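The data block below is data-v3.tsv; it holds TSV, C-alpha atoms.
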chain	number	residue	atom	x	y	z
J	1	MET	CA	-14.33	-74.98	60.11
J	2	ALA	CA	-10.59	-75.53	59.79
J	3	ILE	CA	-8.09	-73.66	61.93
J	4	GLN	CA	-6.00	-71.08	60.06
J	5	MET	CA	-2.59	-70.80	61.68
J	6	ASN	CA	-0.57	-67.60	61.47
J	7	ASN	CA	2.70	-67.78	59.53
J	8	ASP	CA	3.44	-64.07	59.64
J	9	VAL	CA	7.19	-63.84	60.26
J	10	VAL	CA	6.93	-60.56	62.22
J	11	TRP	CA	4.53	-62.17	64.69
J	12	LEU	CA	6.63	-65.32	64.85
J	13	LYS	CA	9.79	-63.31	65.54
J	14	GLN	CA	8.05	-61.55	68.44
J	15	MET	CA	6.97	-64.90	69.85
J	16	ALA	CA	10.43	-66.38	69.30
J	17	GLU	CA	12.11	-63.64	71.37
J	18	ASP	CA	11.13	-65.38	74.58
J	19	GLU	CA	11.75	-68.93	73.42
J	20	ASP	CA	13.79	-70.64	76.14
J	21	TYR	CA	13.18	-74.32	75.30
J	22	GLY	CA	11.77	-74.84	78.79
J	23	PHE	CA	9.03	-77.16	80.00
J	24	ILE	CA	5.50	-76.53	78.80
J	25	SER	CA	3.68	-79.61	80.10
J	26	ALA	CA	0.05	-79.14	81.01
J	27	GLY	CA	-2.97	-81.27	81.64
J	28	GLY	CA	-5.08	-82.54	84.47
J	29	LEU	CA	-6.57	-85.76	83.18
J	30	TYR	CA	-3.50	-87.87	83.61
J	31	ALA	CA	-2.75	-86.34	87.00
J	32	ARG	CA	-6.31	-87.19	88.03
J	33	ARG	CA	-5.90	-90.77	86.87
J	34	LEU	CA	-2.54	-91.03	88.62
J	35	ASP	CA	-4.10	-89.73	91.80
J	36	GLU	CA	-6.87	-92.32	91.60
J	37	GLN	CA	-4.40	-95.10	90.88
J	38	GLN	CA	-2.29	-94.09	93.87
J	39	GLN	CA	-5.33	-94.12	96.14
J	40	GLU	CA	-6.36	-97.56	94.86
J	41	MET	CA	-2.83	-98.85	95.30
J	42	LYS	CA	-2.61	-97.49	98.85
J	43	GLN	CA	-5.89	-99.17	99.79
J	44	SER	CA	-4.88	-102.40	98.08
J	45	ASN	CA	-1.48	-102.45	99.82
J	46	LYS	CA	-3.02	-101.73	103.20
J	47	ASN	CA	-5.54	-104.55	102.84
J	48	SER	CA	-3.01	-107.07	101.55
J	49	CYS	CA	-0.83	-106.22	104.54
J	50	VAL	CA	-3.67	-106.77	106.99
J	51	LEU	CA	-4.68	-109.96	105.19
J	52	GLY	CA	-1.11	-111.22	105.55
J	53	GLN	CA	-0.98	-110.39	109.26
J	54	LEU	CA	-4.33	-112.02	109.92
J	55	VAL	CA	-3.44	-115.25	108.13
J	56	GLU	CA	0.00	-115.28	109.77
J	57	LEU	CA	-1.42	-115.00	113.28
J	58	ALA	CA	-4.16	-117.52	112.56
J	59	ARG	CA	-1.50	-119.93	111.22
J	60	ARG	CA	0.57	-119.57	114.37
J	61	ARG	CA	-2.48	-119.93	116.57
J	62	LYS	CA	-3.01	-123.32	114.94
J	63	GLY	CA	0.68	-124.16	115.33
J	64	MET	CA	1.07	-124.73	111.62
J	65	SER	CA	4.16	-124.05	109.55
J	66	PRO	CA	3.58	-122.41	106.16
J	67	LEU	CA	4.08	-125.85	104.61
J	68	ASP	CA	1.50	-127.41	106.98
J	69	LEU	CA	-0.93	-124.65	106.01
J	70	SER	CA	-0.25	-125.21	102.34
J	71	LYS	CA	-1.07	-128.90	102.71
J	72	ALA	CA	-4.10	-128.38	104.96
J	73	ALA	CA	-5.59	-125.77	102.67
J	74	GLN	CA	-4.55	-127.53	99.46
J	75	VAL	CA	-3.04	-124.30	98.24
J	76	GLY	CA	0.39	-123.96	96.61
J	77	LEU	CA	3.17	-123.01	99.05
J	78	SER	CA	4.18	-120.00	96.95
J	79	GLU	CA	0.63	-118.66	97.12
J	80	VAL	CA	0.51	-119.21	100.88
J	81	LEU	CA	3.82	-117.37	101.30
J	82	GLU	CA	2.59	-114.54	99.12
J	83	VAL	CA	-0.47	-114.07	101.34
J	84	LEU	CA	1.59	-114.41	104.54
J	85	SER	CA	4.08	-111.79	103.41
J	86	GLY	CA	1.30	-109.30	102.67
J	87	GLN	CA	2.10	-109.17	98.98
J	88	ALA	CA	-1.05	-110.78	97.67
J	89	THR	CA	-2.58	-107.68	96.09
J	90	GLU	CA	-4.76	-109.79	93.79
J	91	PRO	CA	-5.34	-113.11	95.59
J	92	LYS	CA	-7.44	-115.82	93.94
J	93	PRO	CA	-10.89	-116.47	95.49
J	94	ARG	CA	-10.12	-120.17	95.84
J	95	VAL	CA	-6.90	-119.47	97.76
J	96	LEU	CA	-8.67	-117.24	100.28
J	97	PHE	CA	-11.60	-119.63	100.64
J	98	MET	CA	-9.35	-122.65	101.27
J	99	LEU	CA	-7.19	-120.69	103.72
J	100	SER	CA	-10.28	-119.55	105.59
J	101	GLN	CA	-11.44	-123.16	105.94
J	102	ALA	CA	-8.04	-124.38	107.11
J	103	LEU	CA	-7.66	-121.58	109.64
J	104	ASP	CA	-11.28	-121.28	110.84
J	105	LEU	CA	-11.58	-117.74	109.56
J	106	PRO	CA	-14.74	-116.24	108.05
J	107	ALA	CA	-14.49	-116.71	104.29
J	108	GLU	CA	-16.45	-113.61	103.32
J	109	GLY	CA	-14.36	-111.36	105.56
J	110	LEU	CA	-11.20	-112.74	104.07
J	111	MET	CA	-12.59	-112.15	100.58
J	112	GLU	CA	-13.32	-108.54	101.47
J	113	LEU	CA	-9.82	-108.02	102.85
J	114	GLY	CA	-8.44	-109.56	99.68
J	115	GLY	CA	-10.43	-107.07	97.63
J	116	LEU	CA	-12.58	-109.79	96.06
J	117	MET	CA	-15.81	-108.57	97.57
J	118	GLU	CA	-17.08	-105.06	98.01
J	119	SER	CA	-17.05	-103.92	101.61
J	120	ARG	CA	-20.51	-103.30	103.01
J	121	ASP	CA	-19.56	-101.89	106.35
J	122	LYS	CA	-17.52	-98.92	107.53
J	123	HIS	CA	-16.91	-100.68	110.85
J	124	LEU	CA	-14.80	-103.27	109.04
J	125	GLU	CA	-12.53	-100.53	107.74
J	126	GLU	CA	-12.05	-99.26	111.30
J	127	ALA	CA	-11.42	-102.79	112.55
J	128	VAL	CA	-8.84	-103.31	109.80
J	129	VAL	CA	-6.93	-100.21	110.87
J	130	ARG	CA	-7.16	-101.17	114.55
J	131	PHE	CA	-5.96	-104.70	113.86
J	132	ALA	CA	-3.09	-103.49	111.68
J	133	ALA	CA	-1.98	-101.19	114.48
J	134	GLN	CA	-2.25	-103.77	117.28
J	135	SER	CA	-0.73	-106.88	115.72
J	136	LYS	CA	3.00	-107.30	115.25
J	137	PRO	CA	4.76	-110.09	113.39
J	138	THR	CA	6.79	-111.58	116.27
J	139	ALA	CA	7.94	-115.17	116.42
J	140	LYS	CA	5.66	-116.04	119.29
J	141	LEU	CA	1.99	-115.17	119.50
J	142	SER	CA	1.76	-112.79	122.44
J	143	ARG	CA	-1.29	-112.40	124.61
J	144	SER	CA	-2.12	-109.04	123.09
J	145	GLU	CA	-1.74	-110.44	119.57
J	146	LYS	CA	-3.96	-113.35	120.48
J	147	GLU	CA	-6.56	-110.93	121.83
J	148	ALA	CA	-6.21	-108.70	118.78
J	149	LEU	CA	-6.60	-111.68	116.50
J	150	GLU	CA	-9.62	-113.01	118.34
J	151	GLU	CA	-11.26	-109.61	118.44
J	152	PHE	CA	-10.68	-109.07	114.74
J	153	VAL	CA	-11.96	-112.54	113.84
J	154	LYS	CA	-15.10	-111.82	115.85
J	155	VAL	CA	-15.59	-108.54	113.96
J	156	LEU	CA	-15.10	-110.34	110.67
J	157	ALA	CA	-17.58	-113.05	111.66
J	158	ARG	CA	-20.18	-110.53	112.87
J	159	HIS	CA	-19.64	-108.50	109.75
J	160	SER	CA	-20.11	-111.53	107.52
J	161	ASP	CA	-23.34	-112.47	109.36
J	162	ARG	CA	-24.67	-108.93	108.98
J	163	GLY	CA	-23.82	-108.99	105.30
J	164	ARG	CA	-25.76	-112.19	104.79
J	165	CYS	CA	-28.85	-110.81	106.61
J	166	SER	CA	-28.83	-107.61	104.59
J	167	ASP	CA	-28.93	-109.65	101.39
J	168	LYS	CA	-32.27	-111.20	102.25
N	1	MET	CA	-6.67	-81.63	58.11
N	2	ASN	CA	-2.99	-80.75	57.82
N	3	GLN	CA	-1.37	-77.42	57.06
N	4	ARG	CA	2.11	-76.00	56.77
N	5	ILE	CA	3.31	-73.91	59.70
N	6	LEU	CA	6.62	-72.40	60.76
N	7	ILE	CA	8.53	-73.34	63.90
N	8	LEU	CA	11.96	-72.22	65.09
N	9	GLU	CA	15.06	-74.29	64.42
N	10	GLN	CA	17.35	-73.76	67.40
N	11	LYS	CA	20.59	-74.55	65.60
N	12	THR	CA	20.15	-72.04	62.76
N	13	LYS	CA	17.85	-69.63	64.64
N	14	LYS	CA	15.70	-69.63	61.50
N	15	PHE	CA	12.09	-70.55	60.94
N	16	THR	CA	11.51	-73.91	59.34
N	17	GLU	CA	8.45	-75.60	57.92
N	18	ALA	CA	6.52	-78.20	59.90
N	19	THR	CA	3.12	-79.84	59.54
N	20	PHE	CA	0.27	-78.96	61.85
N	21	HIS	CA	-2.18	-81.87	62.23
N	22	GLU	CA	-5.69	-80.93	63.21
N	23	GLU	CA	-6.59	-84.58	63.74
N	24	VAL	CA	-4.16	-86.89	65.49
N	25	SER	CA	-5.28	-90.51	65.78
N	26	ALA	CA	-4.66	-92.95	68.64
N	27	ASP	CA	-2.12	-94.75	66.42
N	28	GLN	CA	-0.23	-91.51	65.88
N	29	LEU	CA	-0.17	-90.86	69.62
N	30	SER	CA	1.33	-94.32	70.08
N	31	GLU	CA	3.86	-93.48	67.37
N	32	ALA	CA	4.82	-90.29	69.23
N	33	GLU	CA	5.22	-92.19	72.48
N	34	ALA	CA	7.50	-94.70	70.74
N	35	GLN	CA	9.63	-91.80	69.45
N	36	TRP	CA	9.75	-89.90	72.76
N	37	LYS	CA	10.17	-92.71	75.27
N	38	PRO	CA	13.80	-93.70	74.44
N	39	VAL	CA	14.88	-90.05	74.60
N	40	ARG	CA	13.26	-89.58	78.01
N	41	LYS	CA	14.77	-92.84	79.26
N	42	ALA	CA	18.25	-91.89	78.05
N	43	ALA	CA	17.92	-88.51	79.75
N	44	VAL	CA	16.95	-90.09	83.08
N	45	ASN	CA	19.89	-92.55	82.83
N	46	ARG	CA	22.28	-89.73	81.98
N	47	MET	CA	21.10	-87.74	85.00
N	48	LEU	CA	21.44	-90.75	87.30
N	49	HIS	CA	25.00	-91.34	86.07
N	50	SER	CA	25.87	-87.69	86.57
N	51	GLY	CA	25.06	-88.09	90.25
N	52	LYS	CA	21.65	-86.43	90.34
N	53	SER	CA	19.31	-87.90	92.93
N	54	PRO	CA	15.95	-89.39	91.86
N	55	THR	CA	14.26	-86.45	93.59
N	56	GLU	CA	16.29	-83.95	91.57
N	57	ILE	CA	15.53	-85.89	88.40
N	58	HIS	CA	11.85	-85.93	89.22
N	59	THR	CA	11.95	-82.16	89.73
N	60	LEU	CA	13.85	-81.57	86.52
N	61	PHE	CA	11.95	-84.10	84.50
N	62	GLN	CA	8.60	-83.95	86.15
N	63	HIS	CA	6.68	-85.11	83.13
N	64	ALA	CA	8.81	-88.19	82.50
N	65	HIS	CA	5.95	-90.38	83.61
N	66	TRP	CA	3.55	-89.01	81.06
N	67	ASP	CA	2.40	-91.73	78.79
N	68	TRP	CA	0.66	-90.84	75.58
N	69	LEU	CA	-0.52	-94.42	75.18
N	70	LYS	CA	-2.81	-93.91	78.15
N	71	LYS	CA	-4.00	-90.70	76.60
N	72	ALA	CA	-4.55	-92.48	73.32
N	73	LYS	CA	-7.09	-94.64	75.10
N	74	ALA	CA	-9.25	-91.58	75.66
N	75	LEU	CA	-9.38	-91.11	71.90
N	76	GLN	CA	-10.04	-94.78	71.25
N	77	ASP	CA	-12.84	-94.73	73.81
N	78	GLY	CA	-14.43	-92.06	71.66
N	79	LEU	CA	-14.80	-89.58	74.49
N	80	LEU	CA	-17.07	-86.79	73.37
N	81	ALA	CA	-15.77	-83.37	72.53
N	82	ILE	CA	-12.09	-84.35	72.57
N	83	LYS	CA	-9.68	-83.10	69.92
N	84	CYS	CA	-6.04	-83.87	69.47
N	85	PHE	CA	-3.61	-81.63	67.59
N	86	GLY	CA	0.00	-82.34	66.71
N	87	ILE	CA	3.06	-80.79	65.07
N	88	GLU	CA	5.25	-83.00	62.93
N	89	LYS	CA	8.64	-82.26	61.47
N	90	ALA	CA	11.08	-84.57	59.70
N	91	GLY	CA	8.84	-87.59	60.31
N	92	ARG	CA	8.86	-87.04	64.06
N	93	TRP	CA	6.22	-85.65	66.40
N	94	GLN	CA	7.44	-82.35	67.86
N	95	GLY	CA	4.46	-81.60	70.05
N	96	LEU	CA	0.99	-82.88	70.92
N	97	MET	CA	-2.07	-81.41	72.56
N	98	MET	CA	-5.42	-82.85	73.61
N	99	LEU	CA	-8.39	-80.57	74.13
N	100	GLN	CA	-11.82	-80.78	75.72
N	101	LEU	CA	-14.56	-78.63	74.22
N	102	ALA	CA	-17.21	-79.34	76.84
N	103	GLY	CA	-17.49	-79.52	80.58
N	104	TYR	CA	-15.13	-76.70	81.57
N	105	CYS	CA	-15.93	-73.07	82.31
N	106	ALA	CA	-13.99	-69.91	83.01
N	107	LYS	CA	-13.10	-69.30	86.67
N	108	LEU	CA	-11.95	-65.67	86.40
N	109	GLU	CA	-14.46	-63.21	87.83
N	110	ALA	CA	-14.97	-61.28	84.57
N	111	SER	CA	-15.96	-64.34	82.57
N	112	ARG	CA	-16.91	-66.81	85.29
N	113	GLY	CA	-19.13	-69.62	84.07
N	114	LYS	CA	-18.54	-69.00	80.39
N	115	PRO	CA	-17.32	-71.96	78.32
N	116	LEU	CA	-13.70	-72.34	77.36
N	117	VAL	CA	-11.41	-74.77	75.59
N	118	TYR	CA	-9.73	-76.90	78.23
N	119	ILE	CA	-6.29	-78.31	77.50
N	120	GLU	CA	-6.24	-81.86	78.83
N	121	PHE	CA	-2.65	-82.47	77.79
N	122	LEU	CA	0.07	-80.49	76.14
N	123	GLU	CA	3.56	-81.77	75.62
N	124	THR	CA	6.58	-81.03	73.47
N	125	ALA	CA	9.04	-83.69	72.27
N	126	PRO	CA	11.85	-84.29	74.78
N	127	TRP	CA	14.53	-83.33	72.23
N	128	ASN	CA	13.07	-79.81	72.23
N	129	LEU	CA	13.76	-79.25	75.95
N	130	ARG	CA	16.98	-77.74	77.25
N	131	ASP	CA	16.74	-79.70	80.49
N	132	ILE	CA	16.71	-82.96	78.57
N	133	VAL	CA	19.17	-82.41	75.73
N	134	ASP	CA	22.19	-80.11	75.36
N	135	GLU	CA	21.02	-78.77	72.00
N	136	PRO	CA	17.23	-78.51	71.76
N	137	MET	CA	16.02	-78.91	68.18
N	138	TYR	CA	12.87	-76.88	67.68
N	139	GLY	CA	11.27	-73.96	69.43
N	140	LEU	CA	7.80	-72.34	69.32
N	141	VAL	CA	6.15	-75.76	69.41
N	142	GLY	CA	4.20	-74.97	72.58
N	143	THR	CA	3.43	-71.46	71.34
N	144	ARG	CA	1.96	-72.81	68.12
N	145	LEU	CA	-0.14	-75.36	69.99
N	146	ILE	CA	-1.49	-72.66	72.29
N	147	GLU	CA	-2.23	-70.56	69.21
N	148	ALA	CA	-4.21	-73.50	67.80
N	149	ALA	CA	-6.16	-73.84	71.06
N	150	ILE	CA	-7.04	-70.13	70.97
N	151	ARG	CA	-8.12	-70.30	67.33
N	152	LEU	CA	-10.28	-73.33	68.05
N	153	SER	CA	-11.80	-71.49	71.01
N	154	ILE	CA	-12.73	-68.61	68.68
N	155	ILE	CA	-14.23	-70.99	66.10
N	156	GLU	CA	-16.27	-72.64	68.87
N	157	GLY	CA	-17.61	-69.25	69.94
N	158	PHE	CA	-15.63	-69.18	73.20
N	159	HIS	CA	-13.85	-65.94	72.20
N	160	GLY	CA	-10.35	-67.38	72.67
N	161	ARG	CA	-10.86	-68.45	76.28
N	162	VAL	CA	-8.57	-71.32	77.20
N	163	GLY	CA	-7.94	-73.03	80.54
N	164	LEU	CA	-5.44	-75.58	81.76
N	165	LEU	CA	-3.64	-77.08	84.74
N	166	ALA	CA	0.09	-76.44	84.40
N	167	LEU	CA	2.89	-78.52	85.84
N	168	PRO	CA	5.02	-76.40	88.20
N	169	LYS	CA	8.03	-76.08	85.88
N	170	ALA	CA	5.80	-75.00	83.02
N	171	GLU	CA	4.12	-72.15	84.87
N	172	GLN	CA	6.44	-69.48	83.52
N	173	PHE	CA	5.57	-70.43	79.96
N	174	TYR	CA	1.85	-69.97	80.52
N	175	GLU	CA	2.16	-66.86	82.65
N	176	LYS	CA	4.82	-64.91	80.77
N	177	ARG	CA	4.62	-66.12	77.21
N	178	CYS	CA	0.99	-67.10	76.86
N	179	ARG	CA	-0.40	-64.21	78.95
N	180	MET	CA	-2.52	-66.56	81.01
N	181	VAL	CA	-3.79	-65.64	84.46
N	182	ARG	CA	-3.07	-67.89	87.39
N	183	ILE	CA	-5.94	-68.56	89.76
N	184	GLU	CA	-4.52	-69.66	93.08
N	185	LYS	CA	-7.45	-71.54	94.50
N	186	ALA	CA	-8.59	-73.28	91.32
N	187	GLY	CA	-5.70	-75.73	90.90
N	188	HIS	CA	-5.80	-79.45	91.56
N	189	TYR	CA	-3.36	-82.32	92.06
N	190	GLY	CA	-0.42	-79.99	92.75
N	191	MET	CA	-0.98	-78.15	89.47
N	192	ALA	CA	-1.95	-74.51	89.08
N	193	TRP	CA	-4.99	-73.40	87.06
N	194	TYR	CA	-4.21	-70.96	84.26
N	195	GLU	CA	-6.79	-69.17	82.19
N	196	LEU	CA	-6.57	-67.08	79.07
N	197	THR	CA	-9.18	-64.33	78.83
N	198	GLN	CA	-10.78	-63.05	75.63
N	199	GLU	CA	-8.49	-60.01	75.85
N	200	GLY	CA	-5.44	-62.10	76.60
N	201	ALA	CA	-6.18	-64.33	73.62
N	202	ALA	CA	-6.52	-61.31	71.33
N	203	ALA	CA	-3.20	-59.92	72.64
N	204	PHE	CA	-1.50	-63.28	72.13
N	205	LEU	CA	-2.68	-63.47	68.52
N	206	LYS	CA	-1.77	-59.85	67.90
N	207	GLY	CA	1.73	-60.19	69.36
N	208	GLY	CA	3.80	-57.36	70.77
N	209	LYS	CA	4.96	-56.73	74.30
N	210	HIS	CA	3.97	-59.34	76.84
N	211	GLY	CA	2.54	-58.91	80.28
N	212	ASN	CA	-0.67	-57.02	79.47
N	213	THR	CA	-3.65	-59.34	79.30
N	214	ASN	CA	-6.16	-56.54	78.86
N	215	GLU	CA	-4.96	-54.95	75.68
Would you mind writing the structure in this file as structure tokens?
Amino acid sequence: MAIQMNNDVVWLKQMAEDEDYGFISAGGLYARRLDEQQQEMKQSNKNSCVLGQLVELARRRKGMSPLDLSKAAQVGLSEVLEVLSGQATEPKPRVLFMLSQALDLPAEGLMELGGLMESRDKHLEEAVVRFAAQSKPTAKLSRSEKEALEEFVKVLARHSDRGRCSDK
Amino acid sequence: MNQRILILEQKTKKFTEATFHEEVSADQLSEAEAQWKPVRKAAVNRMLHSGKSPTEIHTLFQHAHWDWLKKAKALQDGLLAIKCFGIEKAGRWQGLMMLQLAGYCAKLEASRGKPLVYIEFLETAPWNLRDIVDEPMYGLVGTRLIEAAIRLSIIEGFHGRVGLLALPKAEQFYEKRCRMVRIEKAGHYGMAWYELTQEGAAAFLKGGKHGNTNE
């Protein structure tokens, strides 16, 4: 059935009395999508930041310059710098795998931080937050950073092992 | 299906003919976005140059981020029970509205749980807004779209019940002019839930003094 709109001028005049040309925007779907996108972006930014800090500390632990790391991992320098600066929101799997090999980091954990694998464990999320809070990007690796790094790497390694077992 | 309707021309203060579209396609939504986007952009630039802060601009122009192309995707995806209405005048889209006919129920005590027409999106062209342009072009665009939503609700057997989430600057329109009732606790995402009752819908269609939703 088609809608029959009212074109009665008396009714229209009554409605027009209050016309103020103000905003009338309504609708929840877009707001809902925006909300979801913001949540995803927050999570993605947080993880890329932690990924950057982890790779940075691991690089310094090895005494490598970004260029050395680029050569050792056979990854382009721009991609290495992107990861190190915490801006790699969509890193390539190969980049993370090669970096993990060059820096002795657990590949699966790095993939999860990079958003390439679904996280299986809530403890990892807690460890990510703890690590992000403890590590600071100073020029020299301090004792506390070293401890934070080692503790986080252990968590990642344990987490990766648990993930593998649960697949069987 | 298209039909001739009257809207208000601001300059002459007279009613003028426009076309009401009962079916707006994804391509037409894209067309509207292409028409509206430069006007919105120019308005934001003008405000920035006049010294308004981004926060002020966001407050004034809180729907600047709305993107009908994203909404068009919902139509292209063939989402069930979605309808899109539009008002066209002089080859330009003056207002658009997307409606959901399923999945939403009344929240007001008197009609709680009963189905209603839910307005997913409702927007008027930026050149019809006094906060965007010095001389708005057409009025009654939102009123006519709400009228269409009520009439559809009646056709669907929902007795004129309509619900929506309103952006903060639009609340006055829904409360005062559309006779909708605000439900404090039912809003989401910083938007307030407004509902039009069967009685409110009848009063809206009948016209007369505003403010009484139980006529």
Counting only C-alpha atoms, which residues of chain J sit at most 6 Å from some atom of chain N, and what is each one's closest atom pair with its distance in Å to one decimal, listed by chain and rising residue number, as a tab-separated table?
residue	atom	partner	partner_atom	distance
J:Trp11	CA	N:Gly207	CA	5.8
J:Tyr21	CA	N:Leu129	CA	5.0
J:Gly22	CA	N:Leu129	CA	5.6
J:Phe23	CA	N:Ala170	CA	4.9
J:Ile24	CA	N:Ala170	CA	4.5
J:Ser25	CA	N:Glu123	CA	5.0
J:Ala26	CA	N:Ala166	CA	4.3
J:Gly27	CA	N:Phe121	CA	4.0
J:Gly28	CA	N:Leu165	CA	5.7
J:Leu29	CA	N:Glu120	CA	5.9
Please produce a file of those selected residues containing C-alpha atoms, as a PDB file, in the frame of the given file.
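This went into result-v1.pdb:
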ATOM      1  CA  TRP J  11       4.530 -62.170  64.690  1.00  0.00           C
ATOM      2  CA  TYR J  21      13.180 -74.320  75.300  1.00  0.00           C
ATOM      3  CA  GLY J  22      11.770 -74.840  78.790  1.00  0.00           C
ATOM      4  CA  PHE J  23       9.030 -77.160  80.000  1.00  0.00           C
ATOM      5  CA  ILE J  24       5.500 -76.530  78.800  1.00  0.00           C
ATOM      6  CA  SER J  25       3.680 -79.610  80.100  1.00  0.00           C
ATOM      7  CA  ALA J  26       0.050 -79.140  81.010  1.00  0.00           C
ATOM      8  CA  GLY J  27      -2.970 -81.270  81.640  1.00  0.00           C
ATOM      9  CA  GLY J  28      -5.080 -82.540  84.470  1.00  0.00           C
ATOM     10  CA  LEU J  29      -6.570 -85.760  83.180  1.00  0.00           C
TER      11      LEU J  29
END
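Once J:Arg60 and its same-chain neighbours fewer than 4 positions away are set aside, Val55, Glu56, Met64, Ser65, Pro66, Leu69, Leu103, Ala139, Lys140, Leu141 and Lys146 of chain J remain within 10 Å of it when counting only C-alpha atoms.
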Please produce an output containing C-alpha atoms for each residue in the selection, written as an mmCIF file, in the frame of the given file.
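Writing done, so here's selection_19.cif:
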data_model
loop_
_atom_site.group_PDB
_atom_site.id
_atom_site.type_symbol
_atom_site.label_atom_id
_atom_site.label_comp_id
_atom_site.auth_asym_id
_atom_site.auth_seq_id
_atom_site.Cartn_x
_atom_site.Cartn_y
_atom_site.Cartn_z
ATOM 1 C CA VAL J 55 -3.440 -115.250 108.130
ATOM 2 C CA GLU J 56 0.000 -115.280 109.770
ATOM 3 C CA MET J 64 1.070 -124.730 111.620
ATOM 4 C CA SER J 65 4.160 -124.050 109.550
ATOM 5 C CA PRO J 66 3.580 -122.410 106.160
ATOM 6 C CA LEU J 69 -0.930 -124.650 106.010
ATOM 7 C CA LEU J 103 -7.660 -121.580 109.640
ATOM 8 C CA ALA J 139 7.940 -115.170 116.420
ATOM 9 C CA LYS J 140 5.660 -116.040 119.290
ATOM 10 C CA LEU J 141 1.990 -115.170 119.500
ATOM 11 C CA LYS J 146 -3.960 -113.350 120.480
#
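From atom CA of J:Leu51 back to atom CA of J:Ser78, the distance works out to 15.7 Å.
Note that the spacing between atom CA of J:Leu67 and atom CA of J:Leu96 amounts to 16.0 Å.
Separating atom CA of J:Ser144 from atom CA of J:Leu77 is a distance of 28.3 Å.
The shell of residues at most 9 Å from J:Val155, with all atoms listed in the file counted and near chain neighbours (fewer than 6 positions) removed, consists of Gly109, His123, Leu124 and Ala127 of chain J.
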Take the residues from that selection and put them in a file with C-alpha atoms, as an mmCIF file, in the frame of the given file.
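part-v3.cif, freshly written:
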data_model
loop_
_atom_site.group_PDB
_atom_site.id
_atom_site.type_symbol
_atom_site.label_atom_id
_atom_site.label_comp_id
_atom_site.auth_asym_id
_atom_site.auth_seq_id
_atom_site.Cartn_x
_atom_site.Cartn_y
_atom_site.Cartn_z
ATOM 1 C CA GLY J 109 -14.360 -111.360 105.560
ATOM 2 C CA HIS J 123 -16.910 -100.680 110.850
ATOM 3 C CA LEU J 124 -14.800 -103.270 109.040
ATOM 4 C CA ALA J 127 -11.420 -102.790 112.550
#
(request) Mind checking which residues fall within 8 Å of J:Ser85, counting all atoms listed in the file, ignoring those fewer than 2 positions away in the same chain, and posting them as a PyMOL selection string? (result) chain J and resi 49+52-53+81-83+87-88
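Residue neighbourhood of J:Ala102, excluding near-sequence residues (fewer than 3 positions): Arg59, Leu69, Ala72, Ala73, Gln74, Phe97, Met98, Leu99 and Leu105 of chain J, at 9 Å, using only C-alpha atoms.
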(message) For N:Val181, find every residue with an atom within 7 Å (counting all atoms listed in the file), except residues of its own chain fewer than 4 positions away, and show them as a ChimeraX atom specification.
(response) /N:175,194-196
